[in-house]
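A.B. asks: One structure, pasted below without further comment.
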Amino acid sequence: MSILAPGRRTRPDRAPAAPPPAARRQPWSLSRGAVNGALVLATAYTLLPLGWLLSAAAKNTGDLLGGRGLSPERWHLGDNLHALATTGDGIYFRWYLNSLLYAGIGAVLCAFVCVCAGYAFHVYAFRGKEQLFGLVLLGVLVPTTALALPMYLLASQLHIVNTFWAVFIPSLVNPFGVYLSRVFCAGYIPSEVLEAARVDGAGELRTFWSIGLRMVMPGFVTVFLFQFTAIWNNFFLPLVMLSDNRLFPVSLGLYAWNTQTTAFPEYYPLVVTGSLLAVVPLVVAFVALQRHWRAGLTAGSVK
């Protein structure tokens, strides 16, 4: 028994905490299993339409109308591709080329315009900047379908209705891309780097082209992918602007074929096979650019 100084108390030794029983860890296991199960269901829900499209694209009219789109036998993919290439003197691949021009060139130019605008909003101070940016945000809230009729009236005044430019020019504007570009510029372009470039004698255009644009390239790719997908899937604007089927994008062309399936059932395999080919550019774009795209989406997550 130890002798203690008066007024001091001994602190009893505490026993080490017992490990939590297995019953306490069970809810975490259950929640993890529930999350994994929900992810599996979401993945199946996402991939099932694509799987049906892959299988149905190889079926003929009788199999599709008979509900045998997922049956593993009876493959007619070669016949369907041949019919797709010969129907209407190969009009489908003209639609395909139109979509590549609308979406490819339009998305590149739109992403460049958005990055330029976002860079200007981030770097420069000018009168009414925040008010102007508020108008950009207001443009994000306006649905594109509500602008189709005003754009048609403007195109009519410019005499470009039923031309390539009637669909191409509106695709160069994306208010959400401007907003996203300003966010990327704020996260990727330090002001110190720009000041160092100016001290070294670089002009504003040289600073943007050699430093700003390269530093914000993940944002450029992200805006490009968003706009490429939007233009490729665009349907209502070409429907309003175009009447010449040689100018149709692939979305509007497939819709035109689909409206004829009631009278001509042989168009069913053409629509399904054409829909499968229409998915390919989107998959290729996301797979080829996923490194930049994923880097852009996670920007600032660890800061």
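Residue numbering restarts at 1 for every chain of the structure tokens, chains are lettered A, B, ... in their displayed order, and ligands are numbered from 1 as they appear.
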Need the shell around Leu77 of chain A: protein/DNA/RNA residues with any atom at most 9 Å away, counting only C-alpha atoms. Skip same-chain ones fewer than 4 positions apart. Format as a list in words?

C.D. replies: Ala57, Ala58, Lys59, Asn60, Leu81, His82 and Thr273 of chain A

A.B. asks: Using only C-alpha atoms, determine which residues lie at most 12 Å from Ala117 of chain A, disregarding the query and same-chain residues fewer than 2 positions distant; provide the list as a PyMOL selection string.

C.D. replies: chain A and resi 110-115+119-124+129+132-133+136+173-185+208+213+220

A.B. asks: When you look at segment 249-264 of chain A with a cut-off of 6 Å (counting only C-alpha atoms), what residues show up, excluding the ones that are within fewer than 5 positions of it in the same chain? I need them as a short mmCIF file (atom, residue, chain, number, x, y, z; two decimals) with all heavy atoms, in the first residue's frame.

C.D. replies:
data_model
loop_
_atom_site.label_atom_id
_atom_site.label_comp_id
_atom_site.auth_asym_id
_atom_site.auth_seq_id
_atom_site.Cartn_x
_atom_site.Cartn_y
_atom_site.Cartn_z
N TRP A 95 -26.87 11.19 -93.02
CA TRP A 95 -27.32 11.71 -91.73
C TRP A 95 -26.21 11.57 -90.68
O TRP A 95 -26.02 12.46 -89.84
CB TRP A 95 -28.56 10.95 -91.26
CG TRP A 95 -29.75 11.10 -92.16
CD1 TRP A 95 -30.00 12.11 -93.05
CD2 TRP A 95 -30.87 10.21 -92.25
NE1 TRP A 95 -31.19 11.90 -93.68
CE2 TRP A 95 -31.75 10.75 -93.21
CE3 TRP A 95 -31.22 9.02 -91.62
CZ2 TRP A 95 -32.96 10.13 -93.54
CZ3 TRP A 95 -32.41 8.40 -91.94
CH2 TRP A 95 -33.27 8.95 -92.90
N TYR A 96 -25.52 10.45 -90.72
CA TYR A 96 -24.44 10.21 -89.77
C TYR A 96 -23.34 11.25 -89.93
O TYR A 96 -22.83 11.80 -88.93
CB TYR A 96 -23.88 8.81 -90.01
CG TYR A 96 -23.32 8.13 -88.81
CD1 TYR A 96 -24.13 7.35 -87.98
CD2 TYR A 96 -21.97 8.24 -88.48
CE1 TYR A 96 -23.61 6.71 -86.87
CE2 TYR A 96 -21.45 7.60 -87.38
CZ TYR A 96 -22.27 6.83 -86.58
OH TYR A 96 -21.76 6.21 -85.47
N ASN A 98 -23.72 14.24 -91.21
CA ASN A 98 -24.27 15.51 -90.75
C ASN A 98 -24.16 15.64 -89.23
O ASN A 98 -23.77 16.70 -88.71
CB ASN A 98 -25.73 15.64 -91.18
CG ASN A 98 -25.89 15.79 -92.68
OD1 ASN A 98 -24.97 16.18 -93.38
ND2 ASN A 98 -27.07 15.47 -93.17
N SER A 99 -24.49 14.57 -88.52
CA SER A 99 -24.40 14.62 -87.06
C SER A 99 -22.97 14.81 -86.59
O SER A 99 -22.71 15.53 -85.62
CB SER A 99 -24.99 13.33 -86.45
OG SER A 99 -26.38 13.27 -86.62
N PHE A 235 -32.87 17.01 -81.15
CA PHE A 235 -33.94 16.57 -82.04
C PHE A 235 -34.91 17.69 -82.41
O PHE A 235 -35.26 17.87 -83.58
CB PHE A 235 -34.72 15.43 -81.37
CG PHE A 235 -36.00 15.06 -82.07
CD1 PHE A 235 -35.98 14.31 -83.24
CD2 PHE A 235 -37.22 15.48 -81.58
CE1 PHE A 235 -37.16 13.97 -83.90
CE2 PHE A 235 -38.40 15.16 -82.23
CZ PHE A 235 -38.37 14.40 -83.39
N VAL A 271 -34.27 0.99 -88.15
CA VAL A 271 -34.28 1.93 -87.02
C VAL A 271 -33.44 1.40 -85.87
O VAL A 271 -32.65 2.13 -85.26
CB VAL A 271 -35.73 2.21 -86.58
CG1 VAL A 271 -35.75 3.03 -85.29
CG2 VAL A 271 -36.50 2.93 -87.67
#

A.B. asks: When distances are computed from only C-alpha atoms, which of A:Ala202, A:Ala34, A:Val161, A:Leu147 shows the smallest separation from Asp244 of chain A?

C.D. replies: A:Val161

A.B. asks: Considering only alpha helix (DSSP H) as DSSP defines it on the backbone, what residues of segment 52-287 of chain A qualify? List them as a count of residues only.

C.D. replies: 159

A.B. asks: Between A:Val287, A:His159, A:Leu270, A:Ala278, single out the one closest to Gly88 of chain A, counting only C-alpha atoms.

C.D. replies: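 Of all the options, A:Leu270 lies closest to Gly88 of chain A.
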
A.B. asks: What does the structure give for the distance between atom CA of Tyr188 of chain A and atom CA of Val140 of chain A, in Å to one decimal?

C.D. replies: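 Atom CA of Tyr188 of chain A sits 22.9 Å away from atom CA of Val140 of chain A.
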
A.B. asks: Considering only C-alpha atoms, return as a PyMOL selection string whatever protein or nucleic-acid residues lie within 10 Å of Leu65 of chain A, sequence-local ones (same chain, fewer than 6 positions apart) excluded.

C.D. replies: chain A and resi 59+265+268-269
